[in-house]
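Undergrad: My structure is stored as start-v4.txt, with compact mmCIF, C-alpha atoms.
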# COMPACT_ATOMS: atom_id res chain seq x y z
CA MET A 1 -0.82 -16.57 -12.74
CA LEU A 2 0.34 -15.72 -9.23
CA LYS A 3 -0.69 -18.00 -6.37
CA LEU A 4 -2.85 -16.42 -3.66
CA VAL A 5 -3.83 -17.74 -0.22
CA ILE A 6 -6.56 -16.12 1.90
CA VAL A 7 -6.27 -16.38 5.71
CA GLU A 8 -9.40 -14.98 7.40
CA ASP A 9 -11.51 -16.41 10.24
CA ASP A 10 -14.61 -14.35 9.39
CA LEU A 11 -16.54 -16.27 6.71
CA MET A 12 -18.21 -13.15 5.30
CA VAL A 13 -14.95 -11.18 5.00
CA ALA A 14 -13.23 -14.23 3.49
CA ALA A 15 -15.98 -14.36 0.87
CA ILE A 16 -15.49 -10.66 0.07
CA ASN A 17 -11.72 -11.16 -0.21
CA ARG A 18 -12.33 -14.07 -2.55
CA GLU A 19 -14.81 -12.10 -4.66
CA PHE A 20 -12.38 -9.18 -5.03
CA ALA A 21 -9.46 -11.48 -5.83
CA LEU A 22 -11.46 -13.31 -8.51
CA LYS A 23 -11.82 -9.97 -10.34
CA THR A 24 -8.03 -9.74 -10.60
CA PRO A 25 -6.88 -11.85 -13.57
CA GLU A 26 -3.25 -12.03 -12.39
CA LEU A 27 -4.23 -13.88 -9.19
CA ASN A 28 -5.14 -17.53 -8.73
CA ILE A 29 -6.70 -18.47 -5.36
CA VAL A 30 -5.18 -21.79 -4.35
CA ALA A 31 -6.50 -22.04 -0.76
CA THR A 32 -8.56 -20.30 1.90
CA PHE A 33 -7.89 -20.88 5.61
CA TYR A 34 -9.97 -19.85 8.60
CA ASN A 35 -7.22 -20.76 11.06
CA GLY A 36 -3.70 -19.35 11.12
CA LYS A 37 -1.96 -22.53 12.27
CA GLU A 38 -3.50 -24.58 9.46
CA ALA A 39 -2.36 -21.87 7.04
CA LEU A 40 1.19 -22.05 8.41
CA GLU A 41 1.41 -25.81 7.81
CA PHE A 42 0.35 -25.28 4.19
CA LEU A 43 2.59 -22.28 3.57
CA ILE A 44 5.72 -24.02 4.89
CA THR A 45 5.54 -26.68 2.18
CA ASN A 46 3.81 -24.90 -0.72
CA PRO A 47 5.22 -22.01 -2.80
CA ILE A 48 2.85 -19.04 -2.63
CA ASP A 49 3.19 -15.53 -4.06
CA LEU A 50 0.72 -13.50 -1.98
CA LEU A 51 -1.26 -13.70 1.27
CA LEU A 52 -4.45 -11.84 2.12
CA LEU A 53 -4.15 -11.93 5.88
CA ASP A 54 -6.33 -11.00 8.85
CA ILE A 55 -4.71 -10.04 12.18
CA TYR A 56 -7.41 -10.72 14.75
CA MET A 57 -7.74 -14.51 14.83
CA SER A 58 -8.28 -16.59 17.95
CA GLU A 59 -5.19 -18.09 19.65
CA TYR A 60 -2.85 -17.54 16.70
CA THR A 61 -2.94 -14.10 15.08
CA GLY A 62 -1.96 -12.98 11.61
CA LEU A 63 1.13 -11.31 13.04
CA ASP A 64 2.07 -14.59 14.74
CA LEU A 65 1.76 -16.28 11.35
CA LEU A 66 3.89 -13.66 9.60
CA SER A 67 6.56 -13.81 12.33
CA ASP A 68 6.78 -17.61 12.11
CA LEU A 69 6.99 -17.48 8.32
CA ARG A 70 9.84 -14.96 8.50
CA ARG A 71 11.70 -17.11 11.05
CA GLN A 72 11.41 -20.03 8.62
CA GLY A 73 12.83 -17.88 5.81
CA LYS A 74 9.50 -17.61 3.97
CA MET A 75 9.40 -14.06 2.59
CA ILE A 76 5.90 -14.37 1.14
CA ASP A 77 4.34 -11.04 0.22
CA ALA A 78 1.27 -10.20 2.29
CA ILE A 79 -1.56 -7.69 2.24
CA VAL A 80 -3.11 -7.32 5.68
CA ILE A 81 -6.90 -6.87 5.78
CA SER A 82 -7.94 -6.19 9.37
CA ALA A 83 -10.10 -4.21 11.77
CA ALA A 84 -6.96 -3.48 13.81
CA ASN A 85 -6.17 0.20 13.27
CA ASP A 86 -3.91 1.01 16.22
CA ALA A 87 -0.38 2.18 15.48
CA GLU A 88 1.24 -0.76 17.27
CA HIS A 89 -0.36 -3.41 15.06
CA VAL A 90 0.07 -1.39 11.86
CA GLU A 91 3.74 -0.64 12.48
CA GLU A 92 4.53 -4.22 13.47
CA ALA A 93 2.89 -5.47 10.28
CA PHE A 94 5.00 -3.14 8.14
CA HIS A 95 8.14 -4.14 10.04
CA LEU A 96 7.35 -7.73 9.05
CA GLY A 97 7.49 -6.69 5.40
CA ILE A 98 3.88 -6.47 4.24
CA VAL A 99 2.95 -4.87 0.92
CA ASP A 100 -0.08 -2.94 2.17
CA TYR A 101 -2.57 -2.67 5.03
CA LEU A 102 -6.33 -2.36 4.49
CA ILE A 103 -8.65 -1.47 7.35
CA LYS A 104 -12.08 -3.10 7.33
CA PRO A 105 -14.42 -2.14 5.80
CA PHE A 106 -12.59 -1.43 2.55
CA THR A 107 -13.58 -0.78 -1.05
CA TYR A 108 -12.77 -2.73 -4.18
CA ASP A 109 -10.82 0.27 -5.49
CA ARG A 110 -8.63 0.29 -2.37
CA PHE A 111 -8.14 -3.47 -2.67
CA GLN A 112 -7.04 -3.05 -6.28
CA GLU A 113 -4.60 -0.32 -5.25
CA ALA A 114 -2.97 -2.74 -2.81
CA VAL A 115 -2.80 -5.49 -5.44
CA GLN A 116 -1.23 -3.11 -7.96
CA LYS A 117 1.51 -2.28 -5.43
CA PHE A 118 2.21 -5.98 -5.10
CA LEU A 119 2.23 -6.45 -8.89
CA LEU A 120 4.58 -3.47 -9.28
CA ARG A 121 7.07 -4.93 -6.83
CA ARG A 122 6.75 -8.35 -8.45
CA SER A 123 7.37 -7.01 -11.95
CA LEU A 124 10.46 -5.14 -10.76
CA GLN A 125 11.79 -8.28 -9.03
CA LEU A 126 11.64 -10.13 -12.35
CA LYS A 127 14.14 -7.67 -13.81
CA GLY A 128 16.78 -9.18 -11.53
CA GLU A 129 18.16 -5.80 -10.48
CA TYR A 130 16.76 -2.41 -9.50
CA THR A 131 17.47 1.07 -10.78
CA GLN A 132 17.30 3.95 -8.31
CA ALA A 133 13.98 4.96 -9.88
CA ASP A 134 12.60 1.45 -9.24
CA ILE A 135 13.60 1.61 -5.58
CA ASP A 136 12.13 5.10 -5.22
CA ARG A 137 8.78 3.87 -6.57
CA ILE A 138 8.69 0.96 -4.11
CA VAL A 139 9.69 3.12 -1.14
CA ALA A 140 7.15 5.79 -2.09
CA SER A 141 4.28 3.30 -2.30
CA LEU A 142 5.17 1.75 1.06
CA GLN A 143 5.48 5.12 2.79
CA TYR A 144 2.15 6.26 1.41
CA SER A 145 0.52 3.01 2.53
CA SER A 146 1.97 3.28 6.03
CA ALA A 147 0.77 6.84 6.52
CA ASN A 148 -2.59 6.29 4.85
CA SER A 149 -3.42 3.05 6.68
CA TYR A 150 -4.27 4.57 10.02
CA CYS A 151 -4.54 8.32 9.44
CA ALA A 152 -8.16 9.18 8.72
CA LEU A 153 -8.74 11.72 5.97
CA LYS A 154 -9.65 15.18 7.15
CA LYS A 155 -13.16 16.42 6.56
CA GLY A 156 -13.57 17.63 2.99
CA LEU A 157 -10.84 15.41 1.52
CA GLN A 158 -11.73 12.54 -0.84
CA GLN A 159 -9.78 9.27 -1.05
CA GLN A 160 -10.08 9.09 -4.85
CA THR A 161 -8.64 12.59 -5.27
CA LEU A 162 -5.82 11.79 -2.86
CA ASP A 163 -4.99 8.58 -4.73
CA ILE A 164 -4.80 10.42 -8.08
CA ILE A 165 -2.42 13.04 -6.65
CA VAL A 166 -0.22 10.39 -5.03
CA GLU A 167 -0.11 8.42 -8.28
CA CYS A 168 1.03 11.59 -10.07
CA LEU A 169 3.87 12.03 -7.56
CA THR A 170 4.94 8.38 -7.57
CA ASN A 171 4.67 7.35 -11.21
CA GLU A 172 7.81 6.42 -13.10
CA LYS A 173 8.18 9.86 -14.64
CA ASN A 174 7.81 11.90 -11.45
CA CYS A 175 9.00 9.73 -8.57
CA GLY A 176 11.80 11.52 -6.70
CA ARG A 177 11.12 14.75 -8.58
CA PHE A 178 10.00 17.94 -6.83
CA MET A 179 6.90 19.44 -8.47
CA THR A 180 5.02 22.70 -8.02
CA SER A 181 1.29 22.79 -7.40
CA GLU A 182 0.93 24.16 -10.93
CA GLN A 183 2.72 21.13 -12.42
CA ILE A 184 0.67 18.68 -10.35
CA SER A 185 -2.50 20.57 -11.29
CA GLU A 186 -1.62 20.33 -14.99
CA GLU A 187 -1.19 16.55 -14.80
CA THR A 188 -4.16 15.74 -12.53
CA LYS A 189 -6.58 18.46 -13.78
CA PHE A 190 -7.36 19.51 -10.19
CA SER A 191 -7.18 23.17 -9.20
CA LYS A 192 -4.00 24.54 -7.61
CA MET A 193 -5.97 25.25 -4.42
CA THR A 194 -7.07 21.60 -4.28
CA ILE A 195 -3.50 20.43 -4.84
CA ARG A 196 -2.22 22.59 -1.99
CA ARG A 197 -4.87 21.26 0.43
CA TYR A 198 -4.04 17.64 -0.35
CA MET A 199 -0.30 18.24 -0.31
CA ASN A 200 -0.60 19.82 3.13
CA TYR A 201 -2.36 16.64 4.30
CA LEU A 202 0.36 14.42 2.82
CA ILE A 203 3.04 16.50 4.53
CA GLU A 204 1.17 16.31 7.87
CA THR A 205 1.02 12.50 7.58
CA LYS A 206 4.72 12.39 6.61
CA ALA A 207 3.97 10.89 3.20
CA ALA A 208 5.46 13.89 1.35
CA VAL A 209 7.89 16.76 1.83
CA SER A 210 8.07 20.32 0.52
CA ARG A 211 10.80 22.85 -0.18
CA VAL A 212 11.01 26.45 -1.36
CA ASN A 213 12.72 27.00 -4.71
CA TYR A 214 14.30 30.47 -4.76
CA PHE A 215 15.88 30.03 -8.20
CA THR A 216 12.80 30.41 -10.40
CA GLY A 217 13.77 33.75 -11.92
CA GLY A 218 10.73 35.30 -10.26
CA ARG A 219 8.83 34.72 -7.05
CA PRO A 220 9.98 31.71 -4.98
CA SER A 221 7.73 28.67 -5.40
CA ILE A 222 6.84 25.76 -3.14
CA GLU A 223 7.69 22.34 -4.57
CA TYR A 224 6.51 18.90 -3.39
CA ALA A 225 7.78 15.35 -3.59
CA VAL A 226 7.01 12.00 -2.04
CA HIS A 227 8.74 11.60 1.28
CA LYS A 228 12.05 9.76 1.35
CA ASN A 229 13.98 8.93 4.53
Is it possible to give me this structure as structure tokens?

TA:
Amino acid sequence: MLKLVIVEDDLMVAAINREFALKTPELNIVATFYNGKEALEFLITNPIDLLLLDIYMSEYTGLDLLSDLRRQGKMIDAIVISAANDAEHVEEAFHLGIVDYLIKPFTYDRFQEAVQKFLLRRSLQLKGEYTQADIDRIVASLQYSSANSYCALKKGLQQQTLDIIVECLTNEKNCGRFMTSEQISEETKFSKMTIRRYMNYLIETKAAVSRVNYFTGGRPSIEYAVHKN
């Protein structure tokens, strides 16, 4: 089992984090801290696989903790769970190498999505080397997280539908592949009109790109893929 540490100064949120983590059989909670500096002392001397980390903590923030860990060469994976939703905090957290960023309040399904991203990266690390497809899957999940963390869904869009479409575009078979709305519709069972609405949102949030394929033998078609820099 993978070792998890929770760092959260709100007792109620810490309890929710703990409850959600206990439902994940791959994770073993080894400690919970309500103070970032106490967490740092523990993390310096104890091998840990994953942090659930708040940002807003008195005197010593979650970003302070991450920065000090990185300076000490501790590249512990972290999922930020915070009320901070401004671009400055979110971008700084991603620059410090977090796996995902959850804005309070959050659902169990969204928590599990973040954990699955961590488990994906961990399973690929165990291989010892990456294929291009492996790297594409990691980059795609991080880009989707970054865009989705602080861009509210437009009215009429549903998070669950969006997650299913993104999973279709980023799974091992499709990652890096351009797909038409018809192909995405066939795999997800959503209508082509629905696919186009959600793909337009992903393009607006820079989580996906589109191109026109003129070599179809008939009318040109629009194709979509997860965004890659």

Undergrad: I'd like the contact shell of region 37-42 of chain A - 8 Å cut-off, only C-alpha atoms, skipping same-chain residues fewer than 4 positions apart - returned as a list in words.

TA: Val7, Phe33, Asn46, Tyr60, Leu65 and Leu69 of chain A

Undergrad: Need to verify the contact set: region 114-122 of chain A, 8 Å, only C-alpha atoms, exclusion of same-chain residues closer than 3 positions in sequence. Can you return it as a ChimeraX atom specification?

TA: /A:77,79,99-101,110-111,125-126,138,141

Undergrad: Could you state the separation of CA of Phe190 (chain A) and CA of Ile165 (chain A) in Å, given to one decimal place?

TA: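 Between CA of Phe190 (chain A) and CA of Ile165 (chain A) the gap is 8.9 Å.
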
Undergrad: Can you tell me how far CA of Asp68 (chain A) sits from CA of Ala15 (chain A), in Å to one decimal?

TA: 25.6 Å

Undergrad: Please identify all polymer residues within 9 Å of region 213-226 of chain A, counting only C-alpha atoms, omitting same-chain residues fewer than 4 positions from it, and present them as an NGL selection string.

TA: :A and (140 or 143-144 or 166 or 169-170 or 174-181 or 199 or 202-203 or 206-209)

Undergrad: What does the distance between CA of Val30 (chain A) and CA of Ile44 (chain A) come to in Å, to one decimal place?

TA: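 Answer for the CA of Val30 (chain A) to CA of Ile44 (chain A) separation: 14.5 Å.
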
Undergrad: Select, from A:Val212, A:Ile195, A:Ile164, A:Leu53, the residue with the minimum atom-to-atom distance to Lys104 (chain A), counting only C-alpha atoms.

TA: A:Leu53

Undergrad: Near Asp54 (chain A), within 6 Å and counting only C-alpha atoms, which residues show up once chain neighbours fewer than 5 positions away are dropped, as a PDB file with C-alpha atoms, keeping the file's coordinate frame?

TA:
ATOM      1  CA  GLU A   8      -9.400 -14.980   7.400  1.00  0.00           C
ATOM      2  CA  GLY A  62      -1.960 -12.980  11.610  1.00  0.00           C
ATOM      3  CA  VAL A  80      -3.110  -7.320   5.680  1.00  0.00           C
ATOM      4  CA  ILE A  81      -6.900  -6.870   5.780  1.00  0.00           C
ATOM      5  CA  SER A  82      -7.940  -6.190   9.370  1.00  0.00           C
TER       6      SER A  82
END

Undergrad: Which neighbours of Gln158 (chain A) fall inside 12 Å, counting all atoms listed in the file, when residues of the same chain fewer than 6 positions from it are skipped, and could you give them as number ranges by chain?

TA: A: 152, 164-165, 194, 197-198, 201
